[in-house]
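K.L.:
Here you go, run.txt (compact mmCIF, C-alpha atoms (C1' of nucleotides)):
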# COMPACT_ATOMS: atom_id res chain seq x y z
CA MET S 6 24.56 146.70 51.75
CA SER S 7 26.03 144.00 53.91
CA ARG S 8 23.19 141.72 52.89
CA ASP S 9 23.78 138.25 51.54
CA SER S 10 27.34 138.00 52.75
CA SER S 11 27.05 134.22 52.64
CA ASP S 12 29.69 134.00 55.34
CA THR S 13 27.69 132.97 58.40
CA ARG S 14 30.03 134.59 60.86
CA THR S 15 29.65 137.92 59.12
CA ARG S 16 25.89 137.49 58.96
CA ILE S 17 25.83 136.84 62.70
CA LEU S 18 27.81 140.00 63.37
CA ASP S 19 25.58 142.08 61.11
CA CYS S 20 22.40 140.74 62.70
CA THR S 21 23.73 141.27 66.20
CA TRP S 22 24.57 144.82 65.27
CA ASN S 23 21.13 145.40 63.73
CA LEU S 24 19.32 144.05 66.76
CA LEU S 25 21.41 146.05 69.20
CA GLU S 26 21.04 149.31 67.29
CA SER S 27 17.33 148.79 66.69
CA GLY S 28 16.92 149.45 70.38
CA ASP S 29 15.03 146.29 71.33
CA LYS S 30 16.43 146.27 74.80
CA LYS S 31 16.92 142.60 75.58
CA VAL S 32 18.97 140.88 72.90
CA ARG S 33 19.32 137.24 73.85
CA MET S 34 21.32 134.62 72.06
CA SER S 35 18.08 133.11 70.83
CA ASP S 36 16.97 136.48 69.41
CA ILE S 37 20.15 136.74 67.42
CA ALA S 38 19.88 133.15 66.20
CA LYS S 39 16.33 133.74 65.04
CA GLU S 40 17.36 136.91 63.22
CA VAL S 41 20.23 135.13 61.46
CA GLY S 42 18.03 132.16 60.67
CA ILE S 43 20.11 129.52 62.41
CA SER S 44 19.73 127.58 65.62
CA ARG S 45 20.83 129.04 68.93
CA GLN S 46 23.43 126.30 69.21
CA ALA S 47 24.98 127.19 65.87
CA LEU S 48 25.83 130.56 67.40
CA TYR S 49 28.04 128.76 69.88
CA LEU S 50 29.88 127.12 67.01
CA HIS S 51 31.08 130.59 66.01
CA PHE S 52 31.35 132.40 69.33
CA PRO S 53 32.03 130.70 72.65
CA THR S 54 30.04 133.17 74.77
CA ARG S 55 27.68 136.08 74.42
CA ALA S 56 30.43 138.39 75.67
CA GLU S 57 32.79 137.31 72.91
CA LEU S 58 30.07 137.76 70.32
CA LEU S 59 29.49 141.33 71.49
CA ILE S 60 33.19 142.06 71.52
CA ALA S 61 33.61 140.65 68.02
CA THR S 62 30.69 142.82 66.97
CA THR S 63 32.43 145.97 68.17
CA ARG S 64 35.50 145.07 66.16
CA HIS S 65 33.29 144.37 63.19
CA ILE S 66 31.60 147.76 63.44
CA ASP S 67 34.95 149.46 63.83
CA SER S 68 36.19 147.96 60.62
CA VAL S 69 32.97 148.62 58.69
CA LYS S 70 32.69 152.19 59.91
CA ASN S 71 36.39 152.77 59.71
CA VAL S 72 36.95 154.47 63.04
CA ASP S 73 40.66 154.72 62.59
CA ALA S 74 40.29 156.79 59.47
CA ARG S 75 37.82 159.10 61.17
CA LEU S 76 40.10 159.74 64.08
CA ALA S 77 43.12 160.10 61.80
CA ASP S 78 41.43 163.11 60.20
CA SER S 79 41.32 164.86 63.52
CA ARG S 80 45.04 164.41 63.83
CA ALA S 81 45.56 166.42 60.65
CA ALA S 82 44.22 169.66 62.12
CA THR S 83 46.79 172.42 62.32
CA SER S 84 46.00 174.35 65.50
CA GLY S 85 45.40 172.72 68.85
CA ARG S 86 41.96 174.26 68.98
CA ASP S 87 40.96 172.90 65.59
CA ARG S 88 42.26 169.57 66.60
CA LEU S 89 40.12 169.55 69.72
CA ALA S 90 37.01 170.46 67.72
CA SER S 91 37.65 167.89 65.08
CA PHE S 92 38.36 165.15 67.58
CA ILE S 93 35.09 165.92 69.32
CA GLY S 94 33.31 165.85 65.97
CA ALA S 95 34.86 162.52 65.04
CA TRP S 96 34.21 160.73 68.32
CA GLY S 97 30.90 162.44 69.05
CA GLY S 98 29.69 161.47 65.61
CA TYR S 99 30.72 157.87 66.15
CA ILE S 100 28.85 157.43 69.43
CA PRO S 101 25.40 157.04 67.83
CA GLU S 102 26.73 154.21 65.67
CA ILE S 103 27.86 152.13 68.59
CA HIS S 104 25.34 153.15 71.17
CA GLY S 105 23.30 149.97 71.24
CA LEU S 106 26.42 147.91 71.56
CA SER S 107 27.73 150.17 74.26
CA VAL S 108 24.59 149.63 76.30
CA ALA S 109 24.82 145.86 75.92
CA LEU S 110 28.50 145.68 76.83
CA ARG S 111 28.16 147.97 79.81
CA SER S 112 25.14 146.09 81.12
CA MET S 113 27.20 142.94 81.41
CA ARG S 114 30.09 144.73 83.09
CA ASP S 115 29.40 143.19 86.47
CA SER S 116 28.53 139.71 85.25
CA ASP S 117 31.39 139.26 82.82
CA ALA S 118 34.93 140.44 83.43
CA GLU S 119 35.90 139.91 79.81
CA ALA S 120 33.16 142.19 78.55
CA ALA S 121 34.12 144.79 81.12
CA ALA S 122 37.73 144.65 79.97
CA ALA S 123 36.71 144.98 76.34
CA TRP S 124 34.65 148.07 77.08
CA ASP S 125 37.38 149.60 79.22
CA ASP S 126 39.80 149.00 76.41
CA ARG S 127 37.68 150.98 73.99
CA MET S 128 37.33 153.78 76.49
CA GLN S 129 41.08 153.86 77.00
CA ALA S 130 41.47 154.31 73.26
CA VAL S 131 39.17 157.31 73.42
CA ARG S 132 41.17 158.59 76.36
CA HIS S 133 44.32 158.45 74.27
CA GLY S 134 42.59 160.59 71.69
CA CYS S 135 41.67 163.04 74.42
CA ALA S 136 45.24 163.09 75.68
CA ALA S 137 46.53 163.81 72.19
CA ALA S 138 44.10 166.68 71.74
CA VAL S 139 45.07 168.10 75.12
CA ALA S 140 48.75 167.77 74.24
CA ALA S 141 48.13 169.70 71.03
CA LEU S 142 46.47 172.44 73.03
CA ALA S 143 49.38 172.54 75.44
CA ALA S 144 51.85 172.75 72.56
CA ASP S 145 49.96 175.80 71.32
CA LYS S 146 50.08 177.28 74.83
CA MET S 147 46.31 177.32 74.81
CA LEU S 148 45.74 175.09 77.80
CA ARG S 149 44.57 176.83 80.96
CA PRO S 150 47.63 177.35 83.12
CA ASP S 151 45.92 175.93 86.22
CA LEU S 152 45.30 172.57 84.50
CA ASN S 153 47.93 169.94 84.08
CA ILE S 154 47.78 167.55 81.15
CA GLU S 155 46.42 164.69 83.21
CA VAL S 156 43.55 166.61 84.77
CA ALA S 157 42.66 168.22 81.46
CA THR S 158 42.56 164.81 79.81
CA ASP S 159 40.33 163.42 82.55
CA LEU S 160 37.94 166.31 82.10
CA LEU S 161 37.72 166.05 78.35
CA TRP S 162 37.35 162.30 78.53
CA THR S 163 34.50 162.68 80.98
CA LEU S 164 32.73 165.29 78.88
CA LEU S 165 32.94 162.98 75.88
CA SER S 166 31.55 159.92 77.64
CA VAL S 167 28.88 157.84 75.99
CA GLU S 168 26.79 158.33 79.11
CA ASN S 169 26.74 162.09 78.62
CA TRP S 170 25.75 161.63 74.99
CA GLU S 171 22.94 159.32 76.08
CA ARG S 172 21.66 161.79 78.58
CA LEU S 173 21.69 164.81 76.30
CA VAL S 174 20.62 163.21 73.04
CA ARG S 175 18.43 160.33 74.14
CA GLU S 176 17.02 161.56 77.41
CA CYS S 177 16.92 165.33 76.92
CA GLY S 178 16.09 165.03 73.24
CA TRP S 179 18.92 167.13 71.85
CA SER S 180 19.85 166.78 68.21
CA GLN S 181 23.26 165.42 67.35
CA VAL S 182 24.27 168.89 66.13
CA GLU S 183 23.23 170.60 69.35
CA TYR S 184 25.11 167.95 71.28
CA GLU S 185 28.31 168.44 69.34
CA ASN S 186 28.13 172.21 69.48
CA GLN S 187 27.51 172.41 73.20
CA ILE S 188 30.14 169.81 74.00
CA LYS S 189 32.65 171.68 71.88
CA ARG S 190 31.79 174.94 73.58
CA LEU S 191 31.93 173.30 76.98
CA SER S 192 35.25 171.61 76.29
CA GLU S 193 36.76 174.88 75.17
CA ALA S 194 35.39 176.66 78.22
CA ALA S 195 36.83 173.93 80.41
CA LEU S 196 40.28 173.66 78.87
CA LEU S 197 41.27 176.79 77.00
CA ALA S 198 43.20 179.61 78.60
CA LYS S 199 41.35 182.87 78.22
CA HIS S 200 43.51 185.46 76.50
CA MET J 9 25.44 152.87 115.30
CA SER J 10 22.50 151.31 113.57
CA ARG J 11 23.32 148.03 115.28
CA ASP J 12 20.73 146.13 117.21
CA SER J 13 17.76 148.00 115.81
CA SER J 14 15.60 144.99 116.66
CA ASP J 15 13.24 145.87 113.88
CA THR J 16 14.05 143.30 111.23
CA ARG J 17 12.97 145.45 108.34
CA THR J 18 15.33 148.19 109.40
CA ARG J 19 18.12 145.68 109.92
CA ILE J 20 17.57 144.38 106.39
CA LEU J 21 17.78 147.88 104.96
CA ASP J 22 20.93 148.66 106.91
CA CYS J 23 22.62 145.43 105.85
CA THR J 24 21.63 145.92 102.23
CA TRP J 25 23.10 149.39 102.35
CA ASN J 26 26.30 148.14 103.99
CA LEU J 27 26.78 145.42 101.42
CA LEU J 28 26.13 147.73 98.51
CA GLU J 29 28.45 150.46 99.75
CA SER J 30 31.17 148.00 100.70
CA GLY J 31 31.65 147.51 96.99
CA ASP J 32 31.31 143.76 96.84
CA LYS J 33 29.95 143.82 93.36
CA LYS J 34 27.36 141.07 93.30
CA VAL J 35 24.83 141.49 96.09
CA ARG J 36 22.35 138.64 95.85
CA MET J 37 19.29 138.13 97.97
CA SER J 38 21.11 135.28 99.70
CA ASP J 39 24.07 137.56 100.49
CA ILE J 40 21.77 140.03 102.17
CA ALA J 41 19.97 137.28 104.09
CA LYS J 42 23.26 135.90 105.35
CA GLU J 43 24.39 139.36 106.44
CA VAL J 44 21.15 140.00 108.31
CA GLY J 45 21.22 136.53 109.83
CA ILE J 46 17.87 135.34 108.52
CA SER J 47 16.84 132.94 105.79
CA ARG J 48 16.61 134.08 102.20
CA GLN J 49 12.89 133.44 102.28
CA ALA J 50 12.38 135.71 105.26
CA LEU J 51 13.58 138.53 103.03
CA TYR J 52 10.59 137.91 100.82
CA LEU J 53 8.30 138.28 103.83
CA HIS J 54 9.45 141.90 104.03
CA PHE J 55 10.09 142.81 100.41
CA PRO J 56 8.32 141.19 97.46
CA THR J 57 11.23 141.55 95.03
CA ARG J 58 14.86 142.53 94.93
CA ALA J 59 13.93 145.70 93.09
CA GLU J 60 11.56 146.79 95.85
CA LEU J 61 14.20 146.07 98.45
CA LEU J 62 16.67 148.29 96.64
CA ILE J 63 14.12 151.04 96.23
CA ALA J 64 13.18 150.87 99.89
CA THR J 65 16.89 151.07 100.69
CA THR J 66 17.26 154.34 98.77
CA ARG J 67 14.37 155.82 100.70
CA HIS J 68 15.93 154.57 103.90
CA ILE J 69 19.26 156.18 103.09
CA ASP J 70 17.54 159.40 102.13
CA SER J 71 15.87 159.59 105.49
CA VAL J 72 18.96 158.60 107.46
CA LYS J 73 21.20 160.99 105.57
CA ASN J 74 18.56 163.66 105.41
CA VAL J 75 18.91 164.67 101.79
CA ASP J 76 16.08 167.11 101.91
CA ALA J 77 17.79 169.14 104.60
CA ARG J 78 21.03 169.18 102.65
CA LEU J 79 19.37 170.45 99.53
CA ALA J 80 17.30 172.94 101.50
CA ASP J 81 20.52 174.64 102.56
CA SER J 82 21.42 175.28 98.96
CA ARG J 83 18.13 177.07 98.54
CA ALA J 84 19.09 179.57 101.21
CA ALA J 85 21.97 181.06 99.23
CA THR J 86 21.49 184.67 98.31
CA SER J 87 23.06 185.11 94.88
CA GLY J 88 22.38 182.78 91.94
CA ARG J 89 26.04 182.00 91.74
CA ASP J 90 26.28 181.01 95.40
CA ARG J 91 23.23 178.93 94.99
CA LEU J 92 24.75 177.05 92.08
CA ALA J 93 27.92 176.35 94.06
CA SER J 94 26.08 175.23 97.11
CA PHE J 95 23.74 172.98 95.16
CA ILE J 96 26.73 171.34 93.53
CA GLY J 97 28.32 170.90 96.93
CA ALA J 98 25.19 169.37 98.40
CA TRP J 99 24.45 166.94 95.59
CA GLY J 100 28.06 166.21 94.75
CA GLY J 101 28.71 165.41 98.39
CA TYR J 102 25.74 163.09 98.50
CA ILE J 103 26.77 160.99 95.51
CA PRO J 104 29.44 158.98 97.38
CA GLU J 105 26.86 157.96 99.97
CA ILE J 106 24.51 156.42 97.45
CA HIS J 107 27.00 155.24 94.90
CA GLY J 108 26.76 151.51 95.60
CA LEU J 109 23.02 151.66 95.47
CA SER J 110 23.11 153.67 92.32
CA VAL J 111 25.20 151.00 90.63
CA ALA J 112 22.82 148.25 91.73
CA LEU J 113 19.70 150.09 90.64
CA ARG J 114 21.12 151.10 87.29
CA SER J 115 22.36 147.60 86.59
CA MET J 116 18.83 146.28 86.78
CA ARG J 117 17.42 149.05 84.62
CA ASP J 118 16.86 146.77 81.66
CA SER J 119 15.63 143.76 83.60
CA ASP J 120 13.20 145.56 85.86
CA ALA J 121 10.99 148.42 84.80
CA GLU J 122 10.15 149.31 88.37
CA ALA J 123 13.78 149.74 89.34
CA ALA J 124 14.35 151.83 86.25
CA ALA J 125 11.43 154.07 87.17
CA ALA J 126 12.69 154.44 90.72
CA TRP J 127 16.10 155.52 89.51
CA ASP J 128 14.67 157.90 86.93
CA ASP J 129 12.55 159.40 89.65
CA ARG J 130 15.58 160.18 91.76
CA MET J 131 17.33 161.69 88.77
CA GLN J 132 14.33 163.85 88.01
CA ALA J 133 14.51 165.17 91.56
CA VAL J 134 18.11 166.16 90.95
CA ARG J 135 17.05 167.73 87.70
CA HIS J 136 14.55 169.89 89.55
CA GLY J 137 17.38 171.06 91.77
CA CYS J 138 19.38 171.93 88.67
CA ALA J 139 16.43 173.79 87.19
CA ALA J 140 16.04 175.80 90.39
CA ALA J 141 19.72 176.72 90.40
CA VAL J 142 19.54 177.74 86.76
CA ALA J 143 16.43 179.81 87.45
CA ALA J 144 18.26 181.59 90.25
CA LEU J 145 21.09 182.39 87.84
CA ALA J 146 18.62 183.68 85.29
CA ALA J 147 16.95 185.87 87.92
CA ASP J 148 20.35 187.42 88.64
CA LYS J 149 20.88 187.94 84.90
CA MET J 150 23.95 185.79 85.16
CA LEU J 151 22.91 183.10 82.71
CA ARG J 152 24.67 183.17 79.36
CA PRO J 153 22.36 184.94 76.94
CA ASP J 154 22.70 182.20 74.31
CA LEU J 155 21.36 179.54 76.68
CA ASN J 156 17.71 179.08 77.45
CA ILE J 157 16.62 177.70 80.80
CA GLU J 158 15.93 174.25 79.44
CA VAL J 159 19.27 173.76 77.73
CA ALA J 160 21.15 175.17 80.69
CA THR J 161 19.35 172.76 83.00
CA ASP J 162 20.16 169.83 80.73
CA LEU J 163 23.81 170.78 80.76
CA LEU J 164 24.08 171.21 84.49
CA TRP J 165 22.17 167.99 85.09
CA THR J 166 24.53 166.15 82.80
CA LEU J 167 27.63 167.57 84.45
CA LEU J 168 26.30 166.49 87.83
CA SER J 169 25.53 162.92 86.80
CA VAL J 170 26.57 160.04 89.01
CA GLU J 171 28.34 158.58 86.00
CA ASN J 172 30.62 161.60 85.73
CA TRP J 173 31.38 161.39 89.42
CA GLU J 174 32.22 157.70 89.01
CA ARG J 175 34.54 158.41 86.16
CA LEU J 176 36.43 161.24 87.78
CA VAL J 177 36.58 160.01 91.36
CA ARG J 178 36.59 156.25 91.00
CA GLU J 179 38.24 155.75 87.65
CA CYS J 180 40.55 158.74 87.37
CA GLY J 181 41.30 158.77 91.10
CA TRP J 182 40.33 162.34 91.86
CA SER J 183 39.62 163.33 95.43
CA GLN J 184 36.11 164.43 96.31
CA VAL J 185 37.40 167.98 96.76
CA GLU J 186 39.04 168.07 93.33
CA TYR J 187 35.85 166.71 91.85
CA GLU J 188 33.66 169.36 93.44
CA ASN J 189 36.02 172.18 92.57
CA GLN J 190 36.39 171.25 88.93
CA ILE J 191 32.69 170.59 88.49
CA LYS J 192 31.90 173.95 90.02
CA ARG J 193 34.38 175.66 87.78
CA LEU J 194 33.09 173.78 84.76
CA SER J 195 29.46 174.52 85.56
CA GLU J 196 30.24 178.20 85.90
CA ALA J 197 32.18 178.19 82.66
CA ALA J 198 29.27 176.47 80.98
CA LEU J 199 26.43 178.57 82.31
CA LEU J 200 27.58 181.99 83.45
CA ALA J 201 27.57 185.01 81.20
CA LYS J 202 30.99 186.60 81.05
CA HIS J 203 30.87 190.23 82.06
C1' DG X 29 -2.43 125.10 130.84
C1' DT X 30 -4.48 125.82 126.00
C1' DG X 31 -5.14 128.47 121.81
C1' DT X 32 -3.65 131.45 118.54
C1' DC X 33 -1.04 134.69 116.00
C1' DA X 34 3.22 136.52 114.00
C1' DA X 35 7.78 135.94 112.61
C1' DC X 36 10.66 132.98 110.95
C1' DT X 37 12.66 128.27 109.15
C1' DT X 38 13.32 124.38 105.93
C1' DT X 39 12.56 122.13 101.82
C1' DA X 40 11.09 121.93 97.28
C1' DC X 41 10.01 123.62 92.96
C1' DA X 42 9.08 126.89 88.62
C1' DT X 43 11.25 130.05 85.47
C1' DC X 44 14.70 132.25 82.44
C1' DG X 45 18.86 132.81 80.08
C1' DT X 46 23.54 131.00 79.38
C1' DG X 47 26.34 127.50 78.16
C1' DT X 48 27.42 122.21 77.41
C1' DC X 49 26.89 117.72 75.33
C1' DA X 50 25.73 114.10 72.17
C1' DA X 51 23.73 112.24 68.16
C1' DG X 52 21.97 113.04 63.72
C1' DT X 53 21.57 115.16 58.86
C1' DA X 54 22.79 117.22 54.46
C1' DA X 55 26.00 118.96 51.17
C1' DC X 56 30.47 119.22 49.33
C1' DT X 57 35.07 117.05 48.20
C1' DG X 58 38.36 113.65 47.35
C1' DC G 5 31.80 105.69 48.57
C1' DA G 6 34.28 107.78 52.77
C1' DG G 7 35.23 111.81 55.19
C1' DT G 8 34.65 116.50 56.50
C1' DT G 9 32.22 120.70 57.48
C1' DA G 10 28.35 123.28 58.89
C1' DC G 11 24.55 122.93 60.80
C1' DT G 12 20.15 120.79 63.50
C1' DT G 13 17.50 118.76 67.37
C1' DG G 14 16.89 117.69 71.95
C1' DA G 15 18.34 117.23 76.52
C1' DC G 16 20.46 118.99 80.46
C1' DA G 17 23.36 121.65 84.24
C1' DC G 18 23.83 126.01 86.53
C1' DG G 19 22.80 130.30 89.04
C1' DA G 20 19.64 133.67 90.52
C1' DT G 21 14.93 135.15 91.41
C1' DG G 22 10.68 134.20 93.05
C1' DT G 23 6.69 130.93 94.79
C1' DA G 24 4.53 127.57 97.75
C1' DA G 25 3.66 124.67 101.69
C1' DA G 26 4.36 122.78 106.11
C1' DG G 27 6.80 123.11 110.47
C1' DT G 28 8.97 125.64 114.66
C1' DT G 29 9.21 129.06 118.26
C1' DG G 30 7.85 132.52 121.40
C1' DA G 31 4.72 135.89 123.16
C1' DC G 32 0.42 137.13 124.71
C1' DA G 33 -4.68 136.21 126.03
C1' DC G 34 -7.80 133.95 128.81
What does this structure look like when you write it as structure tokens?
P.N.:
Amino acid sequence: MSRDSSDTRTRILDCTWNLLESGDKKVRMSDIAKEVGISRQALYLHFPTRAELLIATTRHIDSVKNVDARLADSRAATSGRDRLASFIGAWGGYIPEIHGLSVALRSMRDSDAEAAAAWDDRMQAVRHGCAAAVAALAADKMLRPDLNIEVATDLLWTLLSVENWERLVRECGWSQVEYENQIKRLSEAALLAKH
Amino acid sequence: MSRDSSDTRTRILDCTWNLLESGDKKVRMSDIAKEVGISRQALYLHFPTRAELLIATTRHIDSVKNVDARLADSRAATSGRDRLASFIGAWGGYIPEIHGLSVALRSMRDSDAEAAAAWDDRMQAVRHGCAAAVAALAADKMLRPDLNIEVATDLLWTLLSVENWERLVRECGWSQVEYENQIKRLSEAALLAKH
DNA sequence: GTGTCAACTTTACATCGTGTCAAGTAACTG
DNA sequence: CAGTTACTTGACACGATGTAAAGTTGACAC
């Protein structure tokens, strides 16, 4: 679909994305250049560093996959509980799309501060979503009384981490559906007041 | 305490451990050599690669901190539920001790297959502990009827991941006690049949 | 003393991936 | 034709790991 975009920058982003998601662990600048069909140096004409290329790729994926719209849907839910479930569905369903990129960005955390910041930024955005879902629960008086908003948000955010998805889906071999169902169940068990 | 051990190999392991746990992110072979007070090359007389040094360091920590004994205690618990709690306490309390090493080993996952295998090995050991705890719950008929042993083990193993500890304790600023309490509560909510 | 062995040192170099630099080419645009 | 833009080729610096070779030091044997 995004084939033949003529715009080199876009082609670079698409190829980077393809390579990262295709799971070939080590994606070097030269790998990307080869895939795009340009020289390694031409890459540096478009992106100053590998980190910036990866960061630009996340933004590119976000816009292609329309994350904002997905998450907006979850905001439309009426009850706090529905909202929680639909937020989990939206974010949980997005994880597989960005997983390769997530691995690449996280693996340069310690070598590149900029990449680390970019990843943290994304995770903070997810955390805001978690906080909103928790707030909706609290408004419905459905939050466990022994949990304050902050702690509940931390817990939900942790449950929804990419790392947990990796472990359950990739390592334990769960299906995406099993993952979402169990995480929903677990989140409710963790956060909801029993009544 | 471990000062002046005369045995160079042991001194290397202790210094590696110190450096890793002291949180100075980048621990290079030359950093370790400087800390020990020997040349970088002397390091290679004792350990062929950085990966092997890190792996040897985990074994060293295990023996100094006596993991086996800690986990053995959790096996002594009478009820399945006590056993779950005490396993979580034992492993959860061990995570802070090996956290620096865990970061280092994981960050070379993609560059070094041997390091990856060593880390996976450790995690499989934890998984066995989880499986044993789940089996004890099942024996007491306390496992949720809609969970089979496998899925329950996957869930518990995921909850107890080092990554979740990092997020809650390091990133969210929880105390170790809060962490253990919430993870215990969450594990029980996830696994125990309500009756 | 001499010989020898082990543990370590110093110096030098190969490799790999990132990122920089400079000069050249090919196509489009006025 | 001149100038600009997008790219190419080739060379190189850097930082970290790992290899290789020759030299130093101290202990122990006889």
K.L.:
If you measure from atom CA of S:Ala138 to atom CA of S:Ser180, what distance in Å do you get, rounded to one decimal?
P.N.:
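Distance reported for this atom pair: 24.5 Å.
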K.L.:
So how far away is atom CA of J:Leu113 from atom CA of J:Thr57, in Å?
P.N.:
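If I compute the distance from atom CA of J:Thr57 to atom CA of J:Leu113, I get 12.8 Å.
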K.L.:
For a test of reading the model, state the distance in Å between atom CA of S:Ile188 and atom CA of S:Thr62, rounded to one decimal.
P.N.:
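If I compute the distance from atom CA of S:Ile188 to atom CA of S:Thr62, I get 27.9 Å.
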K.L.:
Write out as an mmCIF file with C-alpha atoms (C1' of nucleotides), in the coordinates of the input every residue belonging to chain X that has an atom at most 9 Å from any atom of chain J, counting all atoms listed in the file.
P.N.:
data_model
loop_
_atom_site.group_PDB
_atom_site.id
_atom_site.type_symbol
_atom_site.label_atom_id
_atom_site.label_comp_id
_atom_site.auth_asym_id
_atom_site.auth_seq_id
_atom_site.Cartn_x
_atom_site.Cartn_y
_atom_site.Cartn_z
ATOM 1 C "C1'" DA X 35 7.780 135.940 112.610
ATOM 2 C "C1'" DC X 36 10.660 132.980 110.950
ATOM 3 C "C1'" DT X 37 12.660 128.270 109.150
#
K.L.:
When you look at stretch 11-21 of chain G with a cut-off of 12 Å (counting only C-alpha atoms (C1' of nucleotides)), what residues show up, excluding the ones that are within fewer than 3 positions of it in the same chain? I need them as a PyMOL selection string.
P.N.:
(chain S and resi 13+42-51+116) or (chain J and resi 34-39+48-49+52+56-59+119-120) or (chain X and resi 42-55)
K.L.:
Set out as a tab-separated table a contact list for chain J and chain S with a cut-off of 7 Å, giving each residue of chain J that qualifies its closest atom pair and distance in Å to one decimal, counting all atoms listed in the file, ordered by chain and rising residue number.
P.N.:
residue	atom	partner	partner_atom	distance
J:Lys33	CA	S:Asp115	CA	6.9
J:Ser115	CA	S:Ser112	CA	6.3
J:Asp118	CA	S:Lys30	CA	6.9
J:Asp162	CA	S:Cys177	CA	6.7
J:Thr166	CA	S:Asn169	CA	6.2
J:Asn172	CA	S:Thr163	CA	6.2
J:Arg175	CA	S:Thr163	CA	6.7
J:Leu176	CA	S:Asp159	CA	6.9
J:Cys180	CA	S:Asp159	CA	6.7
J:Leu194	CA	S:Ala195	CA	5.7
J:Ala197	CA	S:Ala194	CA	5.7
J:Ala198	CA	S:Leu191	CA	5.8
K.L.:
May I have the selected residues written with C-alpha atoms, as a PDB file, in the coordinates of the input?
P.N.:
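Result written to selection.pdb:
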ATOM      1  CA  LYS J  33      29.950 143.820  93.360  1.00  0.00           C
ATOM      2  CA  SER J 115      22.360 147.600  86.590  1.00  0.00           C
ATOM      3  CA  ASP J 118      16.860 146.770  81.660  1.00  0.00           C
ATOM      4  CA  ASP J 162      20.160 169.830  80.730  1.00  0.00           C
ATOM      5  CA  THR J 166      24.530 166.150  82.800  1.00  0.00           C
ATOM      6  CA  ASN J 172      30.620 161.600  85.730  1.00  0.00           C
ATOM      7  CA  ARG J 175      34.540 158.410  86.160  1.00  0.00           C
ATOM      8  CA  LEU J 176      36.430 161.240  87.780  1.00  0.00           C
ATOM      9  CA  CYS J 180      40.550 158.740  87.370  1.00  0.00           C
ATOM     10  CA  LEU J 194      33.090 173.780  84.760  1.00  0.00           C
ATOM     11  CA  ALA J 197      32.180 178.190  82.660  1.00  0.00           C
ATOM     12  CA  ALA J 198      29.270 176.470  80.980  1.00  0.00           C
TER      13      ALA J 198
END
K.L.:
Find, counting only C-alpha atoms, the residue in S:Ile17, S:Val41, S:Ala136, S:Leu25 that gets nearest to S:Gly105.
P.N.:
S:Leu25
K.L.:
Starting from 3 Å padding per side, set up an axis-aligned box that covers all listed atoms of stretch 196-200 of chain S and hand over centre and edge lengths in Å, one decimal, as JSON.
P.N.:
{"center_x": 41.9, "center_y": 179.6, "center_z": 77.7, "size_x": 9.2, "size_y": 17.8, "size_z": 8.4}
K.L.:
Using only C-alpha atoms (C1' of nucleotides), find all polymer residues with an atom at most 12 Å away from the point (32.6, 150.0, 70.7); report them as a PyMOL selection string.
P.N.:
chain S and resi 22+25+59-68+70-72+96+99-111+120-131+167
K.L.:
Quick one: of J:Lys42, J:Arg78, J:Lys149, J:Lys192, who's nearest to J:Asp90, counting only C-alpha atoms?
P.N.:
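Nearest to J:Asp90: J:Lys192.
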